[in-house]
>>> print(open('protein16.json').read())   # JSON, C-alpha atoms
[["chain", "number", "residue", "atom", "x", "y", "z"],
["A", 1, "MET", "CA", 103.41, 45.52, 25.87],
["A", 2, "PRO", "CA", 103.32, 42.71, 28.46],
["A", 3, "ILE", "CA", 99.93, 41.48, 29.66],
["A", 4, "HIS", "CA", 99.39, 41.31, 33.43],
["A", 5, "TYR", "CA", 96.93, 38.77, 34.82],
["A", 6, "SER", "CA", 95.09, 38.91, 38.13],
["A", 7, "TYR", "CA", 92.23, 36.78, 39.35],
["A", 8, "ALA", "CA", 89.16, 38.48, 40.83],
["A", 9, "GLN", "CA", 87.18, 35.24, 40.92],
["A", 10, "SER", "CA", 87.81, 31.63, 40.04],
["A", 11, "ASP", "CA", 89.51, 31.38, 36.62],
["A", 12, "THR", "CA", 88.90, 35.04, 35.83],
["A", 13, "ILE", "CA", 91.49, 37.03, 33.88],
["A", 14, "ASN", "CA", 91.79, 40.76, 34.50],
["A", 15, "GLU", "CA", 93.71, 43.30, 32.42],
["A", 16, "GLU", "CA", 92.95, 46.86, 33.46],
["A", 17, "PHE", "CA", 94.18, 50.22, 32.28],
["A", 18, "ALA", "CA", 92.97, 53.79, 32.83],
["A", 19, "GLY", "CA", 89.95, 54.54, 30.66],
["A", 20, "LEU", "CA", 89.49, 50.98, 29.40],
["A", 21, "SER", "CA", 89.49, 47.59, 31.09],
["A", 22, "LEU", "CA", 88.81, 44.08, 29.86],
["A", 23, "PHE", "CA", 87.91, 40.84, 31.67],
["A", 24, "THR", "CA", 86.92, 37.33, 30.61],
["A", 25, "ASN", "CA", 85.04, 34.73, 32.62],
["A", 26, "SER", "CA", 87.74, 32.07, 32.03],
["A", 27, "LYS", "CA", 91.01, 31.47, 30.29],
["A", 28, "VAL", "CA", 90.28, 27.96, 28.98],
["A", 29, "TYR", "CA", 87.13, 27.03, 27.05],
["A", 30, "ALA", "CA", 85.69, 23.86, 25.61],
["A", 31, "PRO", "CA", 82.93, 23.43, 22.98],
["A", 32, "SER", "CA", 79.49, 24.75, 24.11],
["A", 33, "HIS", "CA", 81.08, 26.99, 26.75],
["A", 34, "ASN", "CA", 80.25, 30.68, 26.72],
["A", 35, "LEU", "CA", 82.91, 33.37, 26.23],
["A", 36, "GLN", "CA", 81.76, 36.23, 28.44],
["A", 37, "ILE", "CA", 83.63, 39.54, 28.43],
["A", 38, "TYR", "CA", 83.14, 42.51, 30.72],
["A", 39, "GLY", "CA", 84.93, 45.65, 31.82],
["A", 40, "THR", "CA", 84.71, 49.43, 31.70],
["A", 41, "GLY", "CA", 85.12, 52.24, 29.24],
["A", 42, "LEU", "CA", 83.76, 55.73, 28.89],
["A", 43, "PRO", "CA", 80.04, 56.24, 29.56],
["A", 44, "GLU", "CA", 77.91, 55.20, 26.57],
["A", 45, "GLU", "CA", 81.00, 54.62, 24.46],
["A", 46, "ASN", "CA", 80.97, 52.47, 21.31],
["A", 47, "LEU", "CA", 83.42, 49.61, 21.59],
["A", 48, "ILE", "CA", 84.59, 47.28, 18.81],
["A", 49, "LEU", "CA", 85.06, 43.63, 19.74],
["A", 50, "ARG", "CA", 87.24, 41.21, 17.79],
["A", 51, "LEU", "CA", 88.21, 37.59, 18.36],
["A", 52, "PHE", "CA", 91.36, 36.45, 16.53],
["A", 53, "ALA", "CA", 91.84, 32.79, 15.63],
["A", 54, "PRO", "CA", 95.22, 31.03, 16.06],
["A", 55, "ASP", "CA", 96.11, 31.89, 12.45],
["A", 56, "GLU", "CA", 95.46, 35.58, 13.24],
["A", 57, "THR", "CA", 92.32, 35.77, 11.13],
["A", 58, "ILE", "CA", 89.20, 37.39, 12.62],
["A", 59, "ALA", "CA", 86.89, 34.62, 13.82],
["A", 60, "LYS", "CA", 84.32, 36.96, 15.40],
["A", 61, "PHE", "CA", 83.53, 40.68, 14.99],
["A", 62, "ASP", "CA", 80.97, 42.63, 17.04],
["A", 63, "GLN", "CA", 80.16, 46.01, 18.62],
["A", 64, "LEU", "CA", 78.56, 47.20, 21.83],
["A", 65, "THR", "CA", 77.75, 50.40, 23.71],
["A", 66, "THR", "CA", 78.79, 50.79, 27.34],
["A", 67, "ASN", "CA", 76.27, 51.62, 30.07],
["A", 68, "ALA", "CA", 75.80, 55.08, 31.57],
["A", 69, "ASP", "CA", 78.48, 54.30, 34.16],
["A", 70, "GLY", "CA", 80.87, 53.03, 31.45],
["A", 71, "SER", "CA", 80.56, 49.34, 32.35],
["A", 72, "PHE", "CA", 79.80, 46.51, 29.94],
["A", 73, "ASN", "CA", 79.06, 42.79, 30.20],
["A", 74, "TYR", "CA", 78.66, 40.95, 26.94],
["A", 75, "SER", "CA", 78.40, 37.37, 25.68],
["A", 76, "LEU", "CA", 80.80, 37.40, 22.76],
["A", 77, "LEU", "CA", 80.63, 33.76, 21.68],
["A", 78, "THR", "CA", 79.39, 30.30, 22.46],
["A", 79, "TRP", "CA", 82.21, 28.05, 21.41],
["A", 80, "PRO", "CA", 81.12, 25.71, 18.58],
["A", 81, "GLN", "CA", 82.39, 22.23, 17.86],
["A", 82, "PRO", "CA", 85.91, 22.44, 16.44],
["A", 83, "SER", "CA", 86.17, 22.89, 12.68],
["A", 84, "SER", "CA", 88.55, 24.34, 10.14],
["A", 85, "ASN", "CA", 87.07, 27.75, 10.96],
["A", 86, "PHE", "CA", 87.28, 27.22, 14.74],
["A", 87, "PRO", "CA", 90.16, 24.82, 15.50],
["A", 88, "TYR", "CA", 91.56, 24.26, 18.96],
["A", 89, "GLY", "CA", 94.30, 26.68, 19.96],
["A", 90, "THR", "CA", 95.03, 30.09, 21.42],
["A", 91, "TYR", "CA", 92.62, 32.91, 20.58],
["A", 92, "THR", "CA", 92.92, 36.61, 21.30],
["A", 93, "VAL", "CA", 90.04, 38.79, 22.51],
["A", 94, "GLU", "CA", 90.42, 42.48, 21.65],
["A", 95, "VAL", "CA", 88.32, 45.49, 22.63],
["A", 96, "ILE", "CA", 88.89, 48.79, 20.77],
["A", 97, "SER", "CA", 87.74, 52.19, 21.99],
["A", 98, "THR", "CA", 86.22, 54.49, 19.37],
["A", 99, "ALA", "CA", 86.31, 57.57, 21.63],
["A", 100, "GLN", "CA", 89.80, 57.27, 23.16],
["A", 101, "ASN", "CA", 92.04, 57.57, 20.13],
["A", 102, "GLY", "CA", 91.51, 53.95, 19.19],
["A", 103, "ILE", "CA", 93.23, 52.44, 22.23],
["A", 104, "SER", "CA", 92.72, 48.72, 22.60],
["A", 105, "LYS", "CA", 93.13, 45.98, 25.19],
["A", 106, "THR", "CA", 93.64, 42.26, 24.54],
["A", 107, "ILE", "CA", 93.42, 38.97, 26.42],
["A", 108, "ASP", "CA", 94.57, 35.54, 25.24],
["A", 109, "VAL", "CA", 92.23, 32.61, 25.85],
["A", 110, "LYS", "CA", 92.53, 28.92, 25.08],
["A", 111, "PHE", "CA", 90.01, 26.83, 23.14],
["A", 112, "SER", "CA", 90.61, 23.20, 24.04],
["A", 113, "SER", "CA", 88.91, 19.82, 24.18],
["A", 114, "THR", "CA", 88.70, 20.09, 27.97],
["A", 115, "THR", "CA", 88.87, 22.71, 30.71],
["A", 116, "ASP", "CA", 90.13, 20.34, 33.41],
["A", 117, "LEU", "CA", 93.79, 21.30, 33.04],
["A", 118, "VAL", "CA", 93.82, 25.06, 33.42],
["A", 119, "ASP", "CA", 97.53, 25.66, 33.78],
["A", 120, "VAL", "CA", 98.57, 23.20, 31.04],
["A", 121, "PRO", "CA", 95.75, 22.97, 28.50],
["A", 122, "VAL", "CA", 95.49, 19.82, 26.42],
["A", 123, "GLU", "CA", 96.59, 20.55, 22.87],
["A", 124, "ARG", "CA", 97.10, 18.53, 19.73],
["A", 125, "HIS", "CA", 100.09, 19.16, 17.48],
["A", 126, "ILE", "CA", 99.56, 18.11, 13.88],
["A", 127, "ASN", "CA", 102.54, 17.98, 11.53],
["A", 128, "THR", "CA", 102.15, 17.99, 7.76],
["A", 129, "LEU", "CA", 104.97, 17.13, 5.37],
["A", 130, "VAL", "CA", 104.70, 17.63, 1.62],
["A", 131, "PHE", "CA", 106.95, 15.91, -0.92],
["A", 132, "ALA", "CA", 106.86, 17.31, -4.47],
["A", 133, "PRO", "CA", 109.37, 17.03, -7.34],
["A", 134, "GLU", "CA", 111.71, 19.99, -7.69],
["A", 135, "THR", "CA", 111.18, 20.20, -11.46],
["A", 136, "ALA", "CA", 108.49, 19.01, -13.86],
["A", 137, "ALA", "CA", 107.36, 19.47, -17.47],
["A", 138, "ILE", "CA", 104.30, 21.35, -18.59],
["A", 139, "ASN", "CA", 101.29, 19.14, -19.43],
["A", 140, "GLN", "CA", 103.05, 16.13, -17.87],
["A", 141, "PRO", "CA", 101.48, 14.63, -14.70],
["A", 142, "ILE", "CA", 103.44, 14.68, -11.44],
["A", 143, "ARG", "CA", 102.77, 12.99, -8.11],
["A", 144, "VAL", "CA", 102.80, 14.86, -4.80],
["A", 145, "PHE", "CA", 102.94, 12.97, -1.49],
["A", 146, "VAL", "CA", 101.62, 14.14, 1.89],
["A", 147, "GLN", "CA", 102.30, 12.79, 5.38],
["A", 148, "THR", "CA", 100.20, 13.77, 8.39],
["A", 149, "THR", "CA", 101.18, 12.95, 11.97],
["A", 150, "SER", "CA", 100.05, 13.81, 15.49],
["A", 151, "ASP", "CA", 102.71, 13.55, 18.19],
["A", 152, "GLY", "CA", 104.75, 11.37, 15.83],
["A", 153, "LEU", "CA", 101.87, 9.01, 14.93],
["A", 154, "LEU", "CA", 100.35, 8.78, 11.45],
["A", 155, "ILE", "CA", 96.76, 9.99, 11.43],
["A", 156, "GLY", "CA", 93.84, 9.83, 9.02],
["A", 157, "ASN", "CA", 92.37, 7.16, 6.79],
["A", 158, "GLU", "CA", 90.98, 6.77, 3.30],
["A", 159, "ALA", "CA", 87.39, 7.40, 4.38],
["A", 160, "GLY", "CA", 88.30, 10.73, 5.96],
["A", 161, "ILE", "CA", 90.62, 12.16, 3.29],
["A", 162, "LYS", "CA", 88.19, 14.88, 2.26],
["A", 163, "GLU", "CA", 87.77, 16.10, 5.83],
["A", 164, "LEU", "CA", 91.50, 15.80, 6.55],
["A", 165, "LEU", "CA", 92.88, 17.46, 3.38],
["A", 166, "GLY", "CA", 89.77, 19.07, 1.91],
["A", 167, "THR", "CA", 91.11, 22.64, 1.79],
["A", 168, "THR", "CA", 94.40, 21.80, 0.05],
["A", 169, "HIS", "CA", 95.15, 23.85, -3.06],
["A", 170, "VAL", "CA", 97.85, 24.82, -5.58],
["A", 171, "HIS", "CA", 99.08, 28.37, -6.20],
["A", 172, "LEU", "CA", 99.85, 28.80, -9.91],
["A", 173, "PRO", "CA", 102.48, 31.17, -11.37],
["A", 174, "SER", "CA", 99.68, 33.30, -12.83],
["A", 175, "GLY", "CA", 98.25, 33.92, -9.35],
["A", 176, "MET", "CA", 95.30, 31.57, -9.74],
["A", 177, "THR", "CA", 94.47, 28.89, -7.17],
["A", 178, "VAL", "CA", 93.41, 25.33, -7.98],
["A", 179, "THR", "CA", 91.73, 23.29, -5.24],
["A", 180, "LEU", "CA", 92.55, 19.61, -4.73],
["A", 181, "THR", "CA", 89.55, 18.78, -2.56],
["A", 182, "ASN", "CA", 88.62, 15.45, -4.14],
["A", 183, "SER", "CA", 91.96, 14.53, -5.68],
["A", 184, "PHE", "CA", 93.85, 12.79, -2.85],
["A", 185, "LYS", "CA", 94.19, 9.03, -2.53],
["A", 186, "ALA", "CA", 95.51, 7.02, 0.41],
["A", 187, "LEU", "CA", 98.64, 4.91, 0.32],
["A", 188, "HIS", "CA", 98.50, 4.10, 4.03],
["A", 189, "GLN", "CA", 97.14, 5.66, 7.17],
["A", 190, "GLY", "CA", 98.67, 9.12, 7.27],
["A", 191, "LEU", "CA", 100.25, 8.77, 3.79],
["A", 192, "TYR", "CA", 98.47, 10.26, 0.79],
["A", 193, "TYR", "CA", 99.21, 11.30, -2.78],
["A", 194, "VAL", "CA", 97.69, 13.37, -5.54],
["A", 195, "ASP", "CA", 98.41, 13.32, -9.28],
["A", 196, "TYR", "CA", 98.52, 16.81, -10.74],
["A", 197, "THR", "CA", 99.13, 18.00, -14.30],
["A", 198, "PRO", "CA", 100.59, 21.53, -14.50],
["A", 199, "ILE", "CA", 99.29, 23.72, -17.31],
["A", 200, "GLU", "CA", 101.60, 26.70, -16.79],
["A", 201, "GLU", "CA", 105.34, 27.19, -16.77],
["A", 202, "GLY", "CA", 106.84, 28.60, -13.59],
["A", 203, "THR", "CA", 106.75, 27.85, -9.86],
["A", 204, "HIS", "CA", 103.75, 25.89, -8.54],
["A", 205, "VAL", "CA", 103.28, 25.94, -4.74],
["A", 206, "PHE", "CA", 101.34, 23.04, -3.22],
["A", 207, "HIS", "CA", 99.69, 24.29, -0.02],
["A", 208, "VAL", "CA", 98.42, 21.37, 2.04],
["A", 209, "ILE", "CA", 96.11, 22.09, 4.97],
["A", 210, "ALA", "CA", 95.44, 19.20, 7.34],
["A", 211, "PHE", "CA", 92.55, 19.37, 9.80],
["A", 212, "SER", "CA", 92.16, 16.69, 12.48],
["A", 213, "GLN", "CA", 90.14, 16.74, 15.71],
["A", 214, "GLY", "CA", 89.89, 20.49, 15.82],
["A", 215, "THR", "CA", 93.53, 21.25, 14.99],
["A", 216, "THR", "CA", 94.95, 22.48, 11.71],
["A", 217, "SER", "CA", 98.43, 22.10, 10.25],
["A", 218, "HIS", "CA", 100.01, 23.57, 7.15],
["A", 219, "GLY", "CA", 102.66, 22.21, 4.82],
["A", 220, "SER", "CA", 103.89, 23.36, 1.45],
["A", 221, "ALA", "CA", 106.28, 22.43, -1.34],
["A", 222, "ALA", "CA", 107.23, 24.10, -4.62],
["A", 223, "THR", "CA", 107.78, 22.63, -8.09],
["A", 224, "ASN", "CA", 109.41, 24.51, -10.96],
["A", 225, "VAL", "CA", 107.57, 23.61, -14.18],
["A", 226, "LEU", "CA", 109.65, 23.81, -17.38],
["A", 227, "SER", "CA", 108.83, 23.42, -21.06],
["A", 228, "GLN", "CA", 110.21, 19.90, -20.74],
["A", 229, "ASP", "CA", 111.54, 17.81, -17.90],
["A", 230, "LEU", "CA", 115.12, 16.78, -17.22],
["A", 231, "GLY", "CA", 114.38, 13.33, -18.58],
["A", 232, "GLY", "CA", 113.61, 14.76, -22.02],
["A", 233, "ILE", "CA", 116.72, 16.93, -21.89],
["A", 234, "SER", "CA", 118.78, 13.90, -20.88],
["A", 235, "GLU", "CA", 117.40, 11.90, -23.80],
["A", 236, "GLN", "CA", 118.34, 14.71, -26.18],
["A", 237, "ILE", "CA", 121.86, 14.83, -24.72],
["A", 238, "ILE", "CA", 122.20, 11.06, -25.13],
["A", 239, "ARG", "CA", 120.95, 11.32, -28.69],
["A", 240, "LEU", "CA", 123.41, 14.13, -29.41],
["A", 241, "ASN", "CA", 126.23, 12.04, -27.94],
["A", 242, "THR", "CA", 125.24, 9.16, -30.22],
["A", 243, "ILE", "CA", 125.31, 11.44, -33.26],
["A", 244, "LEU", "CA", 128.71, 12.79, -32.22],
["A", 245, "ASP", "CA", 130.02, 9.23, -31.80],
["A", 246, "ASP", "CA", 128.80, 8.31, -35.30],
["A", 247, "THR", "CA", 130.37, 11.47, -36.70],
["A", 248, "SER", "CA", 133.65, 10.66, -34.96],
["A", 249, "LYS", "CA", 133.64, 7.17, -36.47],
["A", 250, "GLU", "CA", 132.98, 8.59, -39.95],
["A", 251, "LEU", "CA", 135.85, 11.04, -39.47],
["A", 252, "ASP", "CA", 138.13, 8.15, -38.49],
["A", 253, "VAL", "CA", 137.14, 6.29, -41.69],
["A", 254, "LEU", "CA", 137.74, 9.42, -43.76],
["A", 255, "LYS", "CA", 141.10, 9.91, -42.09],
["A", 256, "SER", "CA", 142.17, 6.34, -42.88],
["A", 257, "GLU", "CA", 140.97, 6.79, -46.48],
["A", 258, "ILE", "CA", 142.97, 10.00, -46.75],
["A", 259, "GLU", "CA", 146.03, 8.22, -45.39],
["A", 260, "GLY", "CA", 145.55, 5.51, -48.04],
["A", 261, "PHE", "CA", 145.18, 8.17, -50.69],
["A", 262, "ASP", "CA", 148.47, 9.71, -49.54],
["A", 263, "ASN", "CA", 150.16, 6.32, -49.96],
["A", 264, "THR", "CA", 148.61, 5.98, -53.42],
["A", 265, "LEU", "CA", 149.85, 9.41, -54.42],
["A", 266, "GLU", "CA", 153.34, 8.58, -53.18],
["A", 267, "THR", "CA", 153.34, 5.31, -55.14],
["A", 268, "ALA", "CA", 152.05, 7.08, -58.25],
["A", 269, "SER", "CA", 154.73, 9.71, -57.87],
["A", 270, "GLU", "CA", 157.41, 7.03, -57.66],
["A", 271, "LYS", "CA", 155.99, 5.30, -60.77],
["A", 272, "ILE", "CA", 155.95, 8.60, -62.63],
["A", 273, "ASP", "CA", 159.58, 9.15, -61.68],
["A", 274, "GLU", "CA", 160.38, 5.65, -62.93],
["A", 275, "SER", "CA", 158.46, 6.29, -66.16],
["A", 276, "THR", "CA", 160.29, 9.59, -66.63],
["A", 277, "GLY", "CA", 163.64, 7.80, -66.23],
["A", 278, "THR", "CA", 162.57, 5.12, -68.74],
["A", 279, "ILE", "CA", 161.47, 7.74, -71.25],
["A", 280, "SER", "CA", 164.79, 9.57, -70.85],
["A", 281, "THR", "CA", 166.68, 6.33, -71.48],
["A", 282, "SER", "CA", 164.51, 5.65, -74.55],
["A", 283, "VAL", "CA", 165.25, 9.10, -75.89],
["A", 284, "GLU", "CA", 168.97, 8.45, -75.48],
["A", 285, "PHE", "CA", 168.58, 5.16, -77.30],
["A", 286, "ILE", "CA", 166.64, 6.84, -80.10],
["A", 287, "SER", "CA", 169.33, 9.51, -80.37],
["A", 288, "GLU", "CA", 172.07, 6.88, -80.68],
["A", 289, "ALA", "CA", 170.02, 4.94, -83.25],
["A", 290, "SER", "CA", 169.50, 8.12, -85.25],
["A", 291, "SER", "CA", 173.26, 8.79, -85.31],
["A", 292, "GLN", "CA", 173.96, 5.25, -86.48],
["A", 293, "LEU", "CA", 171.26, 5.56, -89.16],
["A", 294, "ASN", "CA", 172.74, 8.82, -90.38],
["A", 295, "SER", "CA", 176.19, 7.23, -90.64],
["A", 296, "LEU", "CA", 174.74, 4.41, -92.75],
["A", 297, "LEU", "CA", 172.68, 6.59, -95.05],
["A", 298, "PHE", "CA", 175.26, 9.26, -95.76],
["A", 299, "PRO", "CA", 177.51, 7.11, -98.11],
["A", 300, "ILE", "CA", 174.44, 5.84, -99.92],
["A", 301, "ILE", "CA", 173.13, 9.34, -100.50],
["A", 302, "ALA", "CA", 176.55, 10.50, -101.64],
["A", 303, "SER", "CA", 176.76, 7.62, -104.16],
["A", 304, "ILE", "CA", 173.33, 8.46, -105.50],
["A", 305, "GLY", "CA", 174.38, 12.05, -105.92],
["A", 306, "ILE", "CA", 177.50, 11.05, -107.87],
["A", 307, "ILE", "CA", 175.42, 8.79, -110.16],
["A", 308, "VAL", "CA", 172.93, 11.55, -110.85],
["A", 309, "ALA", "CA", 175.72, 13.99, -111.65],
["A", 310, "LEU", "CA", 177.30, 11.54, -114.16],
["A", 311, "GLN", "CA", 173.97, 11.03, -115.94],
["A", 312, "ILE", "CA", 173.50, 14.74, -116.25],
["A", 313, "ALA", "CA", 176.99, 15.08, -117.76],
["A", 314, "ILE", "CA", 176.36, 12.28, -120.29],
["A", 315, "LEU", "CA", 173.10, 13.80, -121.43],
["A", 316, "ALA", "CA", 174.75, 17.15, -121.87],
["A", 317, "ARG", "CA", 177.41, 15.72, -124.23],
["A", 318, "ARG", "CA", 174.82, 14.00, -126.44],
["A", 319, "ARG", "CA", 173.13, 17.28, -127.07]]
>>> encode(input="protein16.json", output="structure tokens")
Amino acid sequence: MPIHYSYAQSDTINEEFAGLSLFTNSKVYAPSHNLQIYGTGLPEENLILRLFAPDETIAKFDQLTTNADGSFNYSLLTWPQPSSNFPYGTYTVEVISTAQNGISKTIDVKFSSTTDLVDVPVERHINTLVFAPETAAINQPIRVFVQTTSDGLLIGNEAGIKELLGTTHVHLPSGMTVTLTNSFKALHQGLYYVDYTPIEEGTHVFHVIAFSQGTTSHGSAATNVLSQDLGGISEQIIRLNTILDDTSKELDVLKSEIEGFDNTLETASEKIDESTGTISTSVEFISEASSQLNSLLFPIIASIGIIVALQIAILARRR
């Protein structure tokens, strides 16, 4: 629902509806100024008052009871010096009726370093950049860098790191939160780093909160923590490649040895064939020699047989 502004007095904001109205004494406030609210509701009605910070958290909570005529005038807050709880920025004042079905009315106000410029309040814009490795190994330290700037200029120094980055923390995969309040070191004005050792596998989210001169800024980066980093995996791959190279060389040696063995077998086969031919020739020679020997011995054996037969005949006649 759009908010309509009208000015009853100097710098007074008016937002009025039937049954409930809300006013503030100004629209821009500086430290030590009083935030006064007033308006009307039902007679002697309980009203709930809330002040929302720029990050939509409740910075102030209170209650009041309207007068007999339904009016109220209440000092809700004296603006403190800016801090991480009350940074400069746009705040929202809300009044809630407890007797009119919970209807509420809101007004936006500005908390600034000055109230001189009403139409264009002075604001600071802090930017926070976080640089973290995409992957890391469990129980191995990693380094996270942070850059803080205001309107493009680097801000902060080593002496003020705790105040600048004091609420920075890490969200662990298990849901736990680890603060890094005293862990940052300065590289240069506006450039900082922290060394962090993850103890869990999974996604770690580094949530950096920068606070400077009443203004806050948020930055975050995520790191996926593995059982080992890519460097270790790369070393194992290189080692495996070395083993494969050695195996390939050994296979080449074995192949050359097998080729030599094939040549040896072929040579041996040829020699066996030659030996077989030689043996066959020798057998032929032996066969021829045997025939010649038989032709020489046969007449001699026949003569011996004739002589033996004659001797037997002679002996028979003598008897």
>>> closest_residue(input="protein16.json", among="A:Gln147, A:Gln228, A:Ser212, A:Thr223", to="A:Leu191", atoms="only C-alpha atoms")
A:Gln147
>>> residues_around(input="protein16.json", residues="stretch 204-207 of chain A", least_positions_apart="5", cutoff="12 Å", atoms="only C-alpha atoms", output="count of residues only")
50
>>> closest_residue(input="protein16.json", among="A:Leu20, A:Ala316, A:Val308, A:Ile243", to="A:Ala99", atoms="only C-alpha atoms")
A:Leu20
>>> residues_around(input="protein16.json", residues="A:Tyr91", least_positions_apart="4", cutoff="7 Å", atoms="only C-alpha atoms", output="number ranges by chain")
A: 51-54, 108-110
>>> write_last_selection(input="protein16.json", atoms="C-alpha atoms", output="short mmCIF file (atom, residue, chain, number, x, y, z; two decimals), in the frame of the given file")
data_model
loop_
_atom_site.label_atom_id
_atom_site.label_comp_id
_atom_site.auth_asym_id
_atom_site.auth_seq_id
_atom_site.Cartn_x
_atom_site.Cartn_y
_atom_site.Cartn_z
CA LEU A 51 88.21 37.59 18.36
CA PHE A 52 91.36 36.45 16.53
CA ALA A 53 91.84 32.79 15.63
CA PRO A 54 95.22 31.03 16.06
CA ASP A 108 94.57 35.54 25.24
CA VAL A 109 92.23 32.61 25.85
CA LYS A 110 92.53 28.92 25.08
#
>>> atom_distance(input="protein16.json", atom1="atom CA of A:Asp69", atom2="atom CA of A:Asn101")
19.8 Å
>>> residues_around(input="protein16.json", residues="stretch 30-42 of chain A", least_positions_apart="2", cutoff="9 Å", atoms="all atoms listed in the file", output="MDAnalysis selection string")
chainID A and resid 14 16 18:26 28 44:47 66:82 88 93 97 99:100 110:115
>>> closest_residue(input="protein16.json", among="A:Pro87, A:Thr98, A:Ile314, A:Ile209", to="A:Gln63", atoms="all atoms listed in the file")
A:Thr98
>>> atom_distance(input="protein16.json", atom1="atom CA of A:Val95", atom2="atom CA of A:Thr215")
25.9 Å
>>> atom_distance(input="protein16.json", atom1="atom CA of A:Asp55", atom2="atom CA of A:His125")
14.3 Å
>>> closest_residue(input="protein16.json", among="A:Val253, A:Val208, A:Ile300, A:Leu187", to="A:Leu164", atoms="all atoms listed in the file")
A:Val208
